[in-house]
Amino acid sequence: MPEILEVEEARHLIETRALDRTIATVDAPDAWYLKRGLTGDVIGRVLSGRRFTAARRRGKLLLLDTDPGSDARPAGDAQGPTLGLHLGMTGRVLVDGTAAGEPLLYASNRENPAWHRFTIQFRDGGRLILRDPRRLGAVELDPDEDRLGVDAFTVNAARLRAAIGNRRTAIKAALMNQAAIAGLGNLLVDEILWRAGIDPARSAAALDRTEQGRLARTISTTLRVLGRRGGSHTGDLMPARHPGGFCPRDGAPLRRDTVGGRTTYWCPVHQR
DNA sequence: GATGACCTGTGA
DNA sequence: TCACAGGTCATC
């Protein structure tokens, strides 16, 4: 389940393995996967001959900058377009056959070429693949980065207050709103609110200053701790996050509700 | 602001 | 056989 931590792993993989390699061809067999009118022909023409110069990330959106390319193109372009990659729910990036964080898994037979929604073939023979069984990811060109709010890794108390301080919606829904704070998904938000001791259904605007500060620190700490552990699924709440589960902190039966349209596990004893 | 559709693999 | 998972977007 790619949330900000998994996307960051993918970004790092691309940064260390896929920059400065000339693109030969692009294989985009799934037209539905290309957004905003983009076609396989266009993306192939636009990217061939260029190299990725930087791998950036804003929230869950991967941003790959390109160089001007060497072929006949309008002179004076300082750089080429930016490729935007969304991993959706099941998307993973592979560079030369390896995926971020899972060096051995893809050596198994859990590989299906039909899941390769987008492939970049480099002239050196290697390739970057976006593998996505459920097709909820996306590829676009020059995405609008400003549709996303402040990146969750940079949240502090002041930014949190500015982003969601006066929203009337449930705090969980506010934290998952990518236009407010970019990067947090269902699992991370449940873990964060559980750690911070905040009821996910409370109005975001109802949090006082103390709670805002605690929540901001918890977001920061949780991202760093779970990032070191290996991803969104390594949270302390995760093993108990199933029907009949008990709170790992105080042993109370967890509640399972729908908040912000998503399945939510939380502890009615210490989350208030 | 809230809800459902999109899509398909997984597990009960 | 079917509910469920979940990021995002259109629509209510």
# chains A, B, ... in the order shown; residues from 1 in each chain; ligands from 1
>>> residues_around(residues="DA3 of chain C", least_positions_apart="4", cutoff="12 Å", atoms="only C-alpha atoms (C1' of nucleotides)", output="PyMOL selection string")
chain B and resi 10-12
>>> write_last_selection(atoms="all heavy atoms", output="compact mmCIF listing (two decimals), in the first residue's frame")
# COMPACT_ATOMS: atom_id res chain seq x y z
P DT B 10 -2.66 -11.68 -5.65
OP1 DT B 10 -1.25 -11.43 -5.31
OP2 DT B 10 -3.04 -12.82 -6.51
O5' DT B 10 -3.49 -11.74 -4.31
C5' DT B 10 -3.49 -10.61 -3.45
C4' DT B 10 -4.45 -10.82 -2.31
O4' DT B 10 -5.81 -10.62 -2.77
C3' DT B 10 -4.41 -12.23 -1.68
O3' DT B 10 -4.23 -12.07 -0.29
C2' DT B 10 -5.78 -12.81 -2.02
C1' DT B 10 -6.64 -11.57 -2.13
N1 DT B 10 -7.86 -11.67 -2.97
C2 DT B 10 -9.06 -11.25 -2.45
O2 DT B 10 -9.17 -10.80 -1.32
N3 DT B 10 -10.13 -11.36 -3.30
C4 DT B 10 -10.12 -11.85 -4.59
O4 DT B 10 -11.14 -11.91 -5.26
C5 DT B 10 -8.83 -12.29 -5.07
C7 DT B 10 -8.70 -12.84 -6.46
C6 DT B 10 -7.77 -12.18 -4.25
P DG B 11 -3.70 -13.28 0.58
OP1 DG B 11 -2.62 -12.73 1.42
OP2 DG B 11 -3.47 -14.45 -0.27
O5' DG B 11 -4.96 -13.57 1.52
C5' DG B 11 -5.57 -12.51 2.23
C4' DG B 11 -6.97 -12.92 2.63
O4' DG B 11 -7.83 -12.94 1.46
C3' DG B 11 -7.06 -14.32 3.24
O3' DG B 11 -7.99 -14.27 4.31
C2' DG B 11 -7.61 -15.16 2.09
C1' DG B 11 -8.55 -14.15 1.46
N9 DG B 11 -8.93 -14.45 0.08
C8 DG B 11 -8.17 -15.02 -0.91
N7 DG B 11 -8.79 -15.15 -2.04
C5 DG B 11 -10.06 -14.63 -1.80
C6 DG B 11 -11.18 -14.52 -2.65
O6 DG B 11 -11.28 -14.84 -3.83
N1 DG B 11 -12.27 -13.94 -1.99
C2 DG B 11 -12.27 -13.54 -0.67
N2 DG B 11 -13.39 -13.01 -0.20
N3 DG B 11 -11.21 -13.66 0.14
C4 DG B 11 -10.16 -14.20 -0.49
P DA B 12 -7.88 -15.22 5.54
OP1 DA B 12 -7.11 -14.52 6.56
OP2 DA B 12 -7.45 -16.54 5.04
O5' DA B 12 -9.39 -15.32 6.02
C5' DA B 12 -10.19 -14.15 6.06
C4' DA B 12 -11.61 -14.47 5.65
O4' DA B 12 -11.67 -14.67 4.22
C3' DA B 12 -12.17 -15.75 6.29
O3' DA B 12 -13.46 -15.49 6.80
C2' DA B 12 -12.21 -16.74 5.13
C1' DA B 12 -12.46 -15.81 3.95
N9 DA B 12 -12.03 -16.37 2.67
C8 DA B 12 -10.82 -16.93 2.35
N7 DA B 12 -10.73 -17.34 1.11
C5 DA B 12 -11.96 -17.04 0.56
C6 DA B 12 -12.50 -17.22 -0.73
N6 DA B 12 -11.83 -17.79 -1.74
N1 DA B 12 -13.76 -16.80 -0.94
C2 DA B 12 -14.43 -16.23 0.07
N3 DA B 12 -14.02 -16.01 1.33
C4 DA B 12 -12.77 -16.43 1.51
>>> residues_around(residues="DC6 of chain B", least_positions_apart="3", cutoff="12 Å", atoms="only C-alpha atoms (C1' of nucleotides)", output="NGL selection string")
(:A and (32-33 or 88 or 134-137)) or (:C and (6-10))
>>> write_last_selection(atoms="N, CA and C atoms (P, O5', C5', C4', C3', O3' and C1' of nucleotides)", output="PDB file, in the first residue's frame")
ATOM      1  N   TRP A  32      -5.572   3.638 -20.574  1.00  0.00           N
ATOM      2  CA  TRP A  32      -6.317   4.135 -19.421  1.00  0.00           C
ATOM      3  C   TRP A  32      -5.377   4.665 -18.341  1.00  0.00           C
ATOM      4  N   TYR A  33      -4.150   4.166 -18.345  1.00  0.00           N
ATOM      5  CA  TYR A  33      -3.176   4.525 -17.321  1.00  0.00           C
ATOM      6  C   TYR A  33      -2.578   5.919 -17.557  1.00  0.00           C
ATOM      7  N   GLY A  88      -0.722   4.740  -7.085  1.00  0.00           N
ATOM      8  CA  GLY A  88      -2.049   4.253  -6.745  1.00  0.00           C
ATOM      9  C   GLY A  88      -2.001   3.406  -5.495  1.00  0.00           C
ATOM     10  N   ARG A 134      -3.519  -3.516  -9.952  1.00  0.00           N
ATOM     11  CA  ARG A 134      -4.892  -3.003  -9.925  1.00  0.00           C
ATOM     12  C   ARG A 134      -5.136  -1.740 -10.728  1.00  0.00           C
ATOM     13  N   ARG A 135      -4.159  -1.245 -11.396  1.00  0.00           N
ATOM     14  CA  ARG A 135      -4.353  -0.155 -12.363  1.00  0.00           C
ATOM     15  C   ARG A 135      -4.901   1.128 -11.754  1.00  0.00           C
ATOM     16  N   LEU A 136      -4.641   1.359 -10.467  1.00  0.00           N
ATOM     17  CA  LEU A 136      -5.123   2.610  -9.889  1.00  0.00           C
ATOM     18  C   LEU A 136      -4.043   3.692  -9.907  1.00  0.00           C
ATOM     19  N   GLY A 137      -2.882   3.355 -10.370  1.00  0.00           N
ATOM     20  CA  GLY A 137      -1.823   4.345 -10.526  1.00  0.00           C
ATOM     21  C   GLY A 137      -2.040   5.154 -11.793  1.00  0.00           C
TER      22      GLY A 137
ATOM     23  P    DG C   6      -7.126  -0.337   3.741  1.00  0.00           P
ATOM     24  O5'  DG C   6      -6.795   0.648   2.531  1.00  0.00           O
ATOM     25  C5'  DG C   6      -5.615   0.453   1.780  1.00  0.00           C
ATOM     26  C4'  DG C   6      -5.707   1.235   0.511  1.00  0.00           C
ATOM     27  C3'  DG C   6      -6.130   2.705   0.722  1.00  0.00           C
ATOM     28  O3'  DG C   6      -5.300   3.547  -0.039  1.00  0.00           O
ATOM     29  C1'  DG C   6      -7.466   1.688  -0.903  1.00  0.00           C
ATOM     30  P    DG C   7      -4.675   4.856   0.599  1.00  0.00           P
ATOM     31  O5'  DG C   7      -4.422   5.754  -0.692  1.00  0.00           O
ATOM     32  C5'  DG C   7      -3.433   5.364  -1.632  1.00  0.00           C
ATOM     33  C4'  DG C   7      -3.579   6.164  -2.894  1.00  0.00           C
ATOM     34  C3'  DG C   7      -3.835   7.645  -2.703  1.00  0.00           C
ATOM     35  O3'  DG C   7      -3.219   8.344  -3.773  1.00  0.00           O
ATOM     36  C1'  DG C   7      -5.738   6.659  -3.717  1.00  0.00           C
ATOM     37  P    DT C   8      -3.394   9.939  -3.936  1.00  0.00           P
ATOM     38  O5'  DT C   8      -4.643  10.111  -4.899  1.00  0.00           O
ATOM     39  C5'  DT C   8      -4.577   9.539  -6.207  1.00  0.00           C
ATOM     40  C4'  DT C   8      -5.880   9.754  -6.920  1.00  0.00           C
ATOM     41  C3'  DT C   8      -6.401  11.201  -6.906  1.00  0.00           C
ATOM     42  O3'  DT C   8      -6.590  11.584  -8.247  1.00  0.00           O
ATOM     43  C1'  DT C   8      -8.130   9.671  -6.410  1.00  0.00           C
ATOM     44  P    DC C   9      -6.766  13.111  -8.644  1.00  0.00           P
ATOM     45  O5'  DC C   9      -8.187  13.086  -9.352  1.00  0.00           O
ATOM     46  C5'  DC C   9      -8.502  12.018 -10.257  1.00  0.00           C
ATOM     47  C4'  DC C   9      -9.999  11.924 -10.419  1.00  0.00           C
ATOM     48  C3'  DC C   9     -10.703  13.276 -10.508  1.00  0.00           C
ATOM     49  O3'  DC C   9     -11.563  13.272 -11.626  1.00  0.00           O
ATOM     50  C1'  DC C   9     -11.717  11.935  -8.860  1.00  0.00           C
ATOM     51  P    DA C  10     -12.197  14.622 -12.188  1.00  0.00           P
ATOM     52  O5'  DA C  10     -13.740  14.223 -12.269  1.00  0.00           O
ATOM     53  C5'  DA C  10     -14.100  12.945 -12.772  1.00  0.00           C
ATOM     54  C4'  DA C  10     -15.498  12.586 -12.319  1.00  0.00           C
ATOM     55  C3'  DA C  10     -16.533  13.698 -12.494  1.00  0.00           C
ATOM     56  O3'  DA C  10     -17.734  13.138 -12.986  1.00  0.00           O
ATOM     57  C1'  DA C  10     -16.440  13.034 -10.219  1.00  0.00           C
TER      58       DA C  10
END
>>> interface_residues(of="chain A", to="chain C", cutoff="12 Å", atoms="only C-alpha atoms (C1' of nucleotides)", output="MDAnalysis selection string")
chainID A and resid 1:4 35 59:61 86:91 134:138 176:179 182:187 261:263
>>> interface_residues(of="chain B", to="chain A", cutoff="8 Å", atoms="only C-alpha atoms (C1' of nucleotides)", output="ChimeraX atom specification")
/B:1-3,6-9
>>> residues_around(residues="Pro243 of chain A", least_positions_apart="4", cutoff="9 Å", atoms="only C-alpha atoms (C1' of nucleotides)", output="number ranges by chain")
A: 254-256, 265
>>> write_last_selection(atoms="N, CA, C and O atoms", output="PDB file, in the first residue's frame")
ATOM      1  N   LEU A 254     -10.430  -2.731  20.142  1.00  0.00           N
ATOM      2  CA  LEU A 254     -10.417  -1.653  19.149  1.00  0.00           C
ATOM      3  C   LEU A 254     -11.787  -1.522  18.508  1.00  0.00           C
ATOM      4  O   LEU A 254     -12.536  -2.491  18.396  1.00  0.00           O
ATOM      5  N   ARG A 255     -12.098  -0.304  18.098  1.00  0.00           N
ATOM      6  CA  ARG A 255     -13.328  -0.090  17.346  1.00  0.00           C
ATOM      7  C   ARG A 255     -13.009  -0.008  15.864  1.00  0.00           C
ATOM      8  O   ARG A 255     -11.940   0.458  15.457  1.00  0.00           O
ATOM      9  N   ARG A 256     -13.958  -0.485  15.072  1.00  0.00           N
ATOM     10  CA  ARG A 256     -13.814  -0.423  13.615  1.00  0.00           C
ATOM     11  C   ARG A 256     -14.969   0.396  13.081  1.00  0.00           C
ATOM     12  O   ARG A 256     -16.120  -0.008  13.164  1.00  0.00           O
ATOM     13  N   TYR A 265      -9.551   1.888  12.330  1.00  0.00           N
ATOM     14  CA  TYR A 265      -9.403   1.186  13.603  1.00  0.00           C
ATOM     15  C   TYR A 265      -8.861   2.170  14.635  1.00  0.00           C
ATOM     16  O   TYR A 265      -7.903   2.892  14.360  1.00  0.00           O
TER      17      TYR A 265
END
>>> atom_distance(atom1="atom CA of Thr16 of chain A", atom2="atom CA of Asp67 of chain A")
16.9 Å
>>> select_by_dssp(residues="segment 35-71 of chain A", states="strand (DSSP E)", output="list in words")
Phe52, Thr53, Ala54, Ala55, Arg56, Arg57, Arg58, Leu61, Leu62, Leu63, Leu64, Asp65 and Thr66 of chain A
>>> residues_around(residues="Ala180 of chain A", least_positions_apart="6", cutoff="8 Å", atoms="only C-alpha atoms (C1' of nucleotides)", output="list in words")
Leu148, Gly149, Val150, Ala163, Ile164 and Ala174 of chain A
>>> write_last_selection(atoms="N, CA, C and O atoms", output="PDB file, in the first residue's frame")
ATOM      1  N   LEU A 148      -1.320  19.768  -4.632  1.00  0.00           N
ATOM      2  CA  LEU A 148      -0.993  19.072  -3.391  1.00  0.00           C
ATOM      3  C   LEU A 148      -0.584  20.060  -2.312  1.00  0.00           C
ATOM      4  O   LEU A 148       0.061  21.060  -2.585  1.00  0.00           O
ATOM      5  N   GLY A 149      -0.961  19.752  -1.078  1.00  0.00           N
ATOM      6  CA  GLY A 149      -0.602  20.606   0.040  1.00  0.00           C
ATOM      7  C   GLY A 149       0.828  20.373   0.506  1.00  0.00           C
ATOM      8  O   GLY A 149       1.633  19.767  -0.192  1.00  0.00           O
ATOM      9  N   VAL A 150       1.129  20.837   1.698  1.00  0.00           N
ATOM     10  CA  VAL A 150       2.466  20.717   2.253  1.00  0.00           C
ATOM     11  C   VAL A 150       2.832  19.243   2.418  1.00  0.00           C
ATOM     12  O   VAL A 150       2.010  18.426   2.824  1.00  0.00           O
ATOM     13  N   ALA A 163      -2.899  24.336   7.636  1.00  0.00           N
ATOM     14  CA  ALA A 163      -3.487  23.429   6.648  1.00  0.00           C
ATOM     15  C   ALA A 163      -4.869  22.938   7.049  1.00  0.00           C
ATOM     16  O   ALA A 163      -5.767  22.846   6.205  1.00  0.00           O
ATOM     17  N   ILE A 164      -5.050  22.610   8.322  1.00  0.00           N
ATOM     18  CA  ILE A 164      -6.306  21.975   8.703  1.00  0.00           C
ATOM     19  C   ILE A 164      -6.942  22.582   9.950  1.00  0.00           C
ATOM     20  O   ILE A 164      -7.953  22.081  10.429  1.00  0.00           O
ATOM     21  N   ALA A 174      -9.300  15.150   7.302  1.00  0.00           N
ATOM     22  CA  ALA A 174      -8.451  16.315   7.033  1.00  0.00           C
ATOM     23  C   ALA A 174      -7.007  15.897   6.772  1.00  0.00           C
ATOM     24  O   ALA A 174      -6.351  16.416   5.869  1.00  0.00           O
TER      25      ALA A 174
END
>>> select_by_dssp(residues="segment 135-244 of chain A", states="helix (DSSP H, G or I)", output="MDAnalysis selection string")
chainID A and resid 145:147 152:154 157:164 171:176 186:196 204:206 209:229 232:234 238:240
>>> atom_distance(atom1="atom CA of Phe122 of chain A", atom2="atom CA of Arg17 of chain A")
11.7 Å
